[in-house]
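The block underneath contains the structure these notes are about, expressed in structure tokens.
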Amino acid sequence: MTITASDEALTADGSELVRAGGGGPAGKRIVVAYGFWIFILSDMVMFSALFATYAVLSGNTAGGPTGAELFNLRNVFIETVCLLLSSYTCGLGALSAERRQPGRFFVFAALTFLLGAAFLIIEATEFARMVQTGAGPSRSGFLSAFFALVGMHGAHVTSGLLALIYLAAQVIAKGLRPAVLRRLLCWSLFWHALDIVWVGVFTLVYLMGVHH
Amino acid sequence: MSDNYEQVFDDRVPGVEEHEATAGYLSYTIGFALAIVATLASFIVAQTNLIWAPGVPVGLIVLALAQIGVHLVFFLHLGSDRDSTNNILALAFGMLIVLLIIAGSVWIVSNLNSNMMPM
């Protein structure tokens with residue numbers, strides 16, 4: 001690409017024009033994060049189909065238990081705080097990694113993992129209790145949609161935890177080099193996005209379910 | 001640390017800047033505090049009797065949207081800087097699709113339900 005005078009690459013005093021396209025190609029980190037952001041948005045579209053299914057089926061209890069009878073808001077609140085705290089420690093861990101502080105990074109990564117695991121254990125216990133009391137996914141349309149939506153979120157959290165183990169092993173083996181830092185950046189985007197999905201889940205499924 | 005310094009930059013490519021997008025601890029802490037406040041408010045709104053009952057779902061939706069905004073700005077660092085422009089455009093398109101799928105489904109099925117024969 002040739003730069004002509006009309007491209008306005010330089011302002012009158014010679015300083016670089018800082019606006020889209022004016023500063024040359026974006027850094028690799030920016031491009032990688034953008035690509036991963038597109039993936040996250042496509043994941044959001046997939047979740048929106050499950051949210052729509054739940055919204056449509058939430059009243060179809062087929063004479064079975066309703067959300068107000070099944071949900072324990074105290075547990076949901078603990079789950080929410082666990083996930084929110086793990087999003088926070090994930091952010092602090094990403095910051096430590098960027099500043100090349102491996103010790104702090106491992107502490108925050110371990111905290112993120114433990115909080116995510118605590119969330120999953122509470123959720124799995126709730127699921128097991130519901131299935132045992134005859135409120136499994138085959139009981140009603142409402143429960144099918146509930147297990148599909150909340151279970152899909154739980155499956156994402158599980159895969160996130162597995163990916164975190166894999167990335168921690170990479171940091172041990174390769175150190176905090178730029179390629180590993182980019183993977184950590186993508187992972188933290190994924191983890192924060194899961195927290196955003198959970199905001200939708202606890203609002204639409206649990207709080208509105210108990211309110212009705 | 002000094003012998004690690006060599007390998008830190010070993011796979012740099014042209015176009016990679018050294019100090020890109022370093023958000024502070026403060027940003028995450030503010031975001032966490034705001035998100036906790038929104039979460040607490042949601043749980044209180046859902047269970048209190050002080051609010052007119054039909055207004056509760058609207059309040060919950062507003063609080064959820066506010067919390068999603070907090071997450072996007074303070075955790076995912078979507079801002080007004082130059083590097084965020086493409087991310088925000090993609091997000092706007094994604095939100096359009098999400099809105100179409102959810103609102104469209106609810107609208108269509110509630111219409112079908114209201115036209116059902118009484119059973």
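Following the order of the structure tokens, first chain is A, next is B, and so on, with residues numbered from 1 inside each chain and ligands from 1 in the order they appear.
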
Set out as CSV a contact list for range 41-101 of chain A and range 88-103 of chain B with a cut-off of 7 Å, giving each residue of range 41-101 of chain A that qualifies its closest atom pair and distance in Å to one decimal, counting only C-alpha atoms, ordered by chain and rising residue number.
residue,atom,partner,partner_atom,distance
A:Leu41,CA,B:Gly94,CA,5.8
A:Val45,CA,B:Val98,CA,5.5
A:Ser48,CA,B:Val98,CA,5.5
A:Ala49,CA,B:Ile101,CA,6.4
A:Phe51,CA,B:Ile102,CA,6.8
A:Ala52,CA,B:Ile102,CA,4.6

Hey, can you spit out that residue selection with N, CA, C and O atoms as a CSV table (one decimal), in the first residue's frame?
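Written output follows (selection.csv):
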chain,number,residue,atom,x,y,z
A,41,LEU,N,-18.7,-14.2,21.0
A,41,LEU,CA,-20.0,-13.7,20.6
A,41,LEU,C,-20.8,-14.8,19.9
A,41,LEU,O,-22.0,-14.9,20.1
A,45,VAL,N,-24.5,-16.2,21.1
A,45,VAL,CA,-25.7,-16.5,20.2
A,45,VAL,C,-26.2,-17.9,20.5
A,45,VAL,O,-27.4,-18.1,20.6
A,48,SER,N,-28.0,-17.7,23.6
A,48,SER,CA,-29.3,-17.0,23.5
A,48,SER,C,-30.4,-17.9,23.0
A,48,SER,O,-31.6,-17.8,23.4
A,49,ALA,N,-30.1,-19.0,22.2
A,49,ALA,CA,-31.1,-20.0,21.8
A,49,ALA,C,-31.6,-20.7,23.0
A,49,ALA,O,-32.8,-21.0,23.2
A,51,PHE,N,-31.5,-19.6,26.2
A,51,PHE,CA,-32.3,-18.7,27.0
A,51,PHE,C,-33.7,-18.5,26.4
A,51,PHE,O,-34.7,-18.5,27.1
A,52,ALA,N,-33.8,-18.5,25.1
A,52,ALA,CA,-35.1,-18.3,24.4
A,52,ALA,C,-35.9,-19.6,24.7
A,52,ALA,O,-37.1,-19.5,25.0

Find the residues of chain A in contact range of chain B, meaning any atom within 7 Å when counting only C-alpha atoms, and list them as a PyMOL selection string.
-> chain A and resi 19-20+25-28+34+38+41+45+48-49+51-52+55-56+88+91-92+176-178+189+192+196+199-200+203+207-208+211

Shell of 10 Å around range 158-174 of chain A, only C-alpha atoms, local chain residues under 4 positions omitted, as a list of chain:residue names =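 Listed by chain and then number, they are A:Ala97, A:Pro102, A:Phe105, A:Phe106, A:Ala109, A:Ala110, A:Thr112, A:Phe113, A:Leu114, A:Gly116, A:Ala117, A:Leu120, A:Met152, A:His153, A:Gly154, A:Ala179, A:Val180, A:Leu181, A:Arg183, A:Leu184, A:Trp187, A:Ser188, A:Phe190, A:Trp191, A:Leu194, B:Asn4, B:Gln7, B:Val8.
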
Store the residues of this selection in a file with C-alpha atoms, as a PDB file, in the first residue's frame.
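Result file out-v4.pdb:
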ATOM      1  CA  ALA A  97       1.037 -12.370  34.009  1.00  0.00           C
ATOM      2  CA  PRO A 102       4.839 -15.706  37.821  1.00  0.00           C
ATOM      3  CA  PHE A 105       0.069 -15.313  38.686  1.00  0.00           C
ATOM      4  CA  PHE A 106       0.061 -18.850  40.122  1.00  0.00           C
ATOM      5  CA  ALA A 109      -4.769 -18.813  38.996  1.00  0.00           C
ATOM      6  CA  ALA A 110      -5.108 -21.267  41.911  1.00  0.00           C
ATOM      7  CA  THR A 112      -9.615 -18.738  40.261  1.00  0.00           C
ATOM      8  CA  PHE A 113      -9.572 -22.508  39.882  1.00  0.00           C
ATOM      9  CA  LEU A 114     -10.753 -23.178  43.450  1.00  0.00           C
ATOM     10  CA  GLY A 116     -14.696 -22.091  39.851  1.00  0.00           C
ATOM     11  CA  ALA A 117     -14.545 -25.612  41.289  1.00  0.00           C
ATOM     12  CA  LEU A 120     -19.347 -26.432  40.028  1.00  0.00           C
ATOM     13  CA  MET A 152     -24.565 -25.851  29.273  1.00  0.00           C
ATOM     14  CA  HIS A 153     -23.188 -23.033  31.399  1.00  0.00           C
ATOM     15  CA  GLY A 154     -21.783 -25.608  33.838  1.00  0.00           C
ATOM     16  CA  ALA A 179       2.457 -16.553  22.849  1.00  0.00           C
ATOM     17  CA  VAL A 180       1.491 -17.913  26.286  1.00  0.00           C
ATOM     18  CA  LEU A 181       0.359 -14.449  27.397  1.00  0.00           C
ATOM     19  CA  ARG A 183      -3.515 -17.629  25.333  1.00  0.00           C
ATOM     20  CA  LEU A 184      -3.978 -16.392  28.889  1.00  0.00           C
ATOM     21  CA  TRP A 187      -8.785 -17.551  28.523  1.00  0.00           C
ATOM     22  CA  SER A 188      -9.557 -14.554  30.725  1.00  0.00           C
ATOM     23  CA  PHE A 190     -13.683 -16.620  28.067  1.00  0.00           C
ATOM     24  CA  TRP A 191     -13.938 -16.650  31.860  1.00  0.00           C
ATOM     25  CA  LEU A 194     -19.048 -16.958  31.346  1.00  0.00           C
TER      26      LEU A 194
ATOM     27  CA  ASN B   4      14.153 -15.479  31.451  1.00  0.00           C
ATOM     28  CA  GLN B   7      12.911 -15.836  26.001  1.00  0.00           C
ATOM     29  CA  VAL B   8      10.183 -13.398  26.949  1.00  0.00           C
TER      30      VAL B   8
END

What is the distance, in Å and to one decimal place, between CA of Tyr54 in chain A and CA of Phe146 in chain A?
->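 Rounded to one decimal, the two atoms are 6.4 Å apart.
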
Choose the residue, out of A:Val205, A:Cys90, A:Leu83, A:Leu73, that has the smallest atom-to-atom separation from Leu50 in chain A; count only C-alpha atoms.
->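 Checking each of A:Val205, A:Cys90, A:Leu83, A:Leu73 against Leu50 in chain A, counting only C-alpha atoms, the winner is A:Val205.
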
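If you count only C-alpha atoms and ignore residues fewer than 3 places along the chain from Leu143 in chain A, what sits within 10 Å of it is A:Tyr54, A:Leu57, A:Ser58, A:Gly59, A:Asn60, A:Thr61, A:Ala62, A:Gly64, A:Pro65, A:Thr66, A:Gly67, A:Met130, A:Ala135, A:Gly136, A:Pro137, A:Ser138, A:Arg139, A:Ser140, A:Phe146, A:Phe147, A:Ala148, A:Leu149.
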
As a check of understanding: the span from CA of Val107 in chain A to CA of Cys82 in chain A is 16.4 Å

Please report, as a PyMOL selection string, each residue of range 3-210 of chain A to which DSSP assigns alpha helix (DSSP H) when run on this structure's backbone.
-> chain A and resi 28-57+67-70+73-98+102-132+141-174+178-201+208-210

What does the file look like for those residues with C-alpha atoms, as a compact mmCIF listing (two decimals), in the first residue's frame?
# COMPACT_ATOMS: atom_id res chain seq x y z
CA LYS A 28 -0.81 -9.36 17.17
CA ARG A 29 -2.30 -9.29 20.65
CA ILE A 30 -5.12 -7.02 19.46
CA VAL A 31 -5.84 -9.23 16.44
CA VAL A 32 -5.83 -12.46 18.47
CA ALA A 33 -8.14 -10.97 21.11
CA TYR A 34 -10.49 -9.76 18.34
CA GLY A 35 -10.67 -13.23 16.80
CA PHE A 36 -11.39 -14.79 20.18
CA TRP A 37 -14.00 -12.09 20.86
CA ILE A 38 -15.83 -13.19 17.67
CA PHE A 39 -15.82 -16.77 19.00
CA ILE A 40 -17.23 -15.58 22.35
CA LEU A 41 -20.00 -13.67 20.59
CA SER A 42 -20.92 -16.78 18.59
CA ASP A 43 -21.04 -18.66 21.89
CA MET A 44 -23.38 -15.94 23.20
CA VAL A 45 -25.65 -16.50 20.20
CA MET A 46 -25.72 -20.22 21.06
CA PHE A 47 -26.60 -19.37 24.68
CA SER A 48 -29.32 -17.00 23.48
CA ALA A 49 -31.07 -19.95 21.81
CA LEU A 50 -31.05 -21.80 25.15
CA PHE A 51 -32.26 -18.66 26.96
CA ALA A 52 -35.08 -18.33 24.43
CA THR A 53 -35.99 -22.01 24.92
CA TYR A 54 -36.10 -21.53 28.67
CA ALA A 55 -38.12 -18.31 28.45
CA VAL A 56 -40.67 -20.10 26.24
CA LEU A 57 -40.90 -23.28 28.34
CA GLY A 67 -38.98 -23.02 40.08
CA ALA A 68 -40.24 -21.41 43.27
CA GLU A 69 -40.49 -24.87 44.87
CA LEU A 70 -37.12 -26.12 43.62
CA LEU A 73 -31.65 -18.76 46.53
CA ARG A 74 -29.06 -18.97 49.30
CA ASN A 75 -27.06 -21.53 47.30
CA VAL A 76 -27.53 -19.51 44.11
CA PHE A 77 -26.17 -16.43 45.87
CA ILE A 78 -23.09 -18.37 47.05
CA GLU A 79 -22.59 -19.68 43.50
CA THR A 80 -22.87 -16.14 42.13
CA VAL A 81 -20.33 -14.76 44.60
CA CYS A 82 -17.93 -17.65 43.84
CA LEU A 83 -18.09 -16.96 40.11
CA LEU A 84 -17.80 -13.20 40.53
CA LEU A 85 -14.79 -13.56 42.85
CA SER A 86 -13.16 -15.97 40.42
CA SER A 87 -13.68 -13.42 37.62
CA TYR A 88 -11.96 -10.85 39.85
CA THR A 89 -8.99 -13.11 40.70
CA CYS A 90 -8.79 -14.08 37.02
CA GLY A 91 -8.41 -10.39 36.13
CA LEU A 92 -5.72 -9.91 38.79
CA GLY A 93 -3.95 -13.06 37.54
CA ALA A 94 -3.99 -11.76 33.96
CA LEU A 95 -2.51 -8.50 35.24
CA SER A 96 0.27 -10.33 37.13
CA ALA A 97 1.04 -12.37 34.01
CA GLU A 98 1.27 -9.22 31.89
CA PRO A 102 4.84 -15.71 37.82
CA GLY A 103 4.51 -16.16 41.60
CA ARG A 104 1.51 -13.85 41.89
CA PHE A 105 0.07 -15.31 38.69
CA PHE A 106 0.06 -18.85 40.12
CA VAL A 107 -1.57 -17.67 43.36
CA PHE A 108 -4.38 -15.92 41.46
CA ALA A 109 -4.77 -18.81 39.00
CA ALA A 110 -5.11 -21.27 41.91
CA LEU A 111 -7.73 -19.01 43.57
CA THR A 112 -9.61 -18.74 40.26
CA PHE A 113 -9.57 -22.51 39.88
CA LEU A 114 -10.75 -23.18 43.45
CA LEU A 115 -13.61 -20.65 43.21
CA GLY A 116 -14.70 -22.09 39.85
CA ALA A 117 -14.54 -25.61 41.29
CA ALA A 118 -16.60 -24.52 44.32
CA PHE A 119 -19.23 -23.13 41.93
CA LEU A 120 -19.35 -26.43 40.03
CA ILE A 121 -19.59 -28.54 43.20
CA ILE A 122 -22.56 -26.50 44.48
CA GLU A 123 -24.25 -26.71 41.09
CA ALA A 124 -23.66 -30.47 40.75
CA THR A 125 -25.02 -31.03 44.27
CA GLU A 126 -28.15 -29.05 43.39
CA PHE A 127 -28.62 -31.04 40.17
CA ALA A 128 -28.19 -34.35 42.00
CA ARG A 129 -30.72 -33.31 44.67
CA MET A 130 -33.25 -32.30 42.00
CA VAL A 131 -32.85 -35.55 40.05
CA GLN A 132 -33.19 -37.61 43.23
CA GLY A 141 -40.58 -28.98 29.53
CA PHE A 142 -39.57 -26.42 32.15
CA LEU A 143 -37.03 -28.80 33.69
CA SER A 144 -35.66 -29.90 30.28
CA ALA A 145 -35.00 -26.27 29.39
CA PHE A 146 -33.58 -25.58 32.87
CA PHE A 147 -31.08 -28.44 32.71
CA ALA A 148 -30.12 -27.59 29.12
CA LEU A 149 -29.41 -23.92 29.90
CA VAL A 150 -27.80 -24.20 33.34
CA GLY A 151 -26.06 -27.47 32.39
CA MET A 152 -24.57 -25.85 29.27
CA HIS A 153 -23.19 -23.03 31.40
CA GLY A 154 -21.78 -25.61 33.84
CA ALA A 155 -20.18 -27.49 30.95
CA HIS A 156 -18.51 -24.26 29.84
CA VAL A 157 -17.19 -23.65 33.36
CA THR A 158 -15.85 -27.24 33.42
CA SER A 159 -14.03 -26.81 30.12
CA GLY A 160 -12.70 -23.47 31.37
CA LEU A 161 -11.21 -25.15 34.44
CA LEU A 162 -9.58 -27.85 32.27
CA ALA A 163 -8.15 -25.16 29.98
CA LEU A 164 -6.80 -23.32 33.05
CA ILE A 165 -4.85 -26.43 34.14
CA TYR A 166 -3.48 -26.74 30.60
CA LEU A 167 -2.44 -23.07 30.54
CA ALA A 168 -0.81 -23.24 33.99
CA ALA A 169 1.23 -26.19 32.72
CA GLN A 170 2.26 -24.08 29.71
CA VAL A 171 3.36 -21.23 31.98
CA ILE A 172 5.48 -23.72 33.98
CA ALA A 173 6.99 -25.29 30.85
CA LYS A 174 7.44 -22.20 28.66
CA PRO A 178 4.11 -13.51 24.49
CA ALA A 179 2.46 -16.55 22.85
CA VAL A 180 1.49 -17.91 26.29
CA LEU A 181 0.36 -14.45 27.40
CA ARG A 182 -1.98 -14.26 24.40
CA ARG A 183 -3.52 -17.63 25.33
CA LEU A 184 -3.98 -16.39 28.89
CA LEU A 185 -5.64 -13.24 27.54
CA CYS A 186 -8.09 -15.36 25.51
CA TRP A 187 -8.79 -17.55 28.52
CA SER A 188 -9.56 -14.55 30.73
CA LEU A 189 -11.94 -13.22 28.04
CA PHE A 190 -13.68 -16.62 28.07
CA TRP A 191 -13.94 -16.65 31.86
CA HIS A 192 -15.33 -13.10 32.09
CA ALA A 193 -17.83 -13.94 29.34
CA LEU A 194 -19.05 -16.96 31.35
CA ASP A 195 -19.70 -14.63 34.27
CA ILE A 196 -21.80 -12.43 31.98
CA VAL A 197 -23.85 -15.48 30.93
CA TRP A 198 -24.31 -16.34 34.60
CA VAL A 199 -25.76 -12.86 35.25
CA GLY A 200 -28.44 -13.74 32.69
CA VAL A 201 -28.96 -17.19 34.24
CA MET A 208 -37.59 -14.50 38.23
CA GLY A 209 -38.40 -18.19 38.84
CA VAL A 210 -38.68 -17.62 42.57
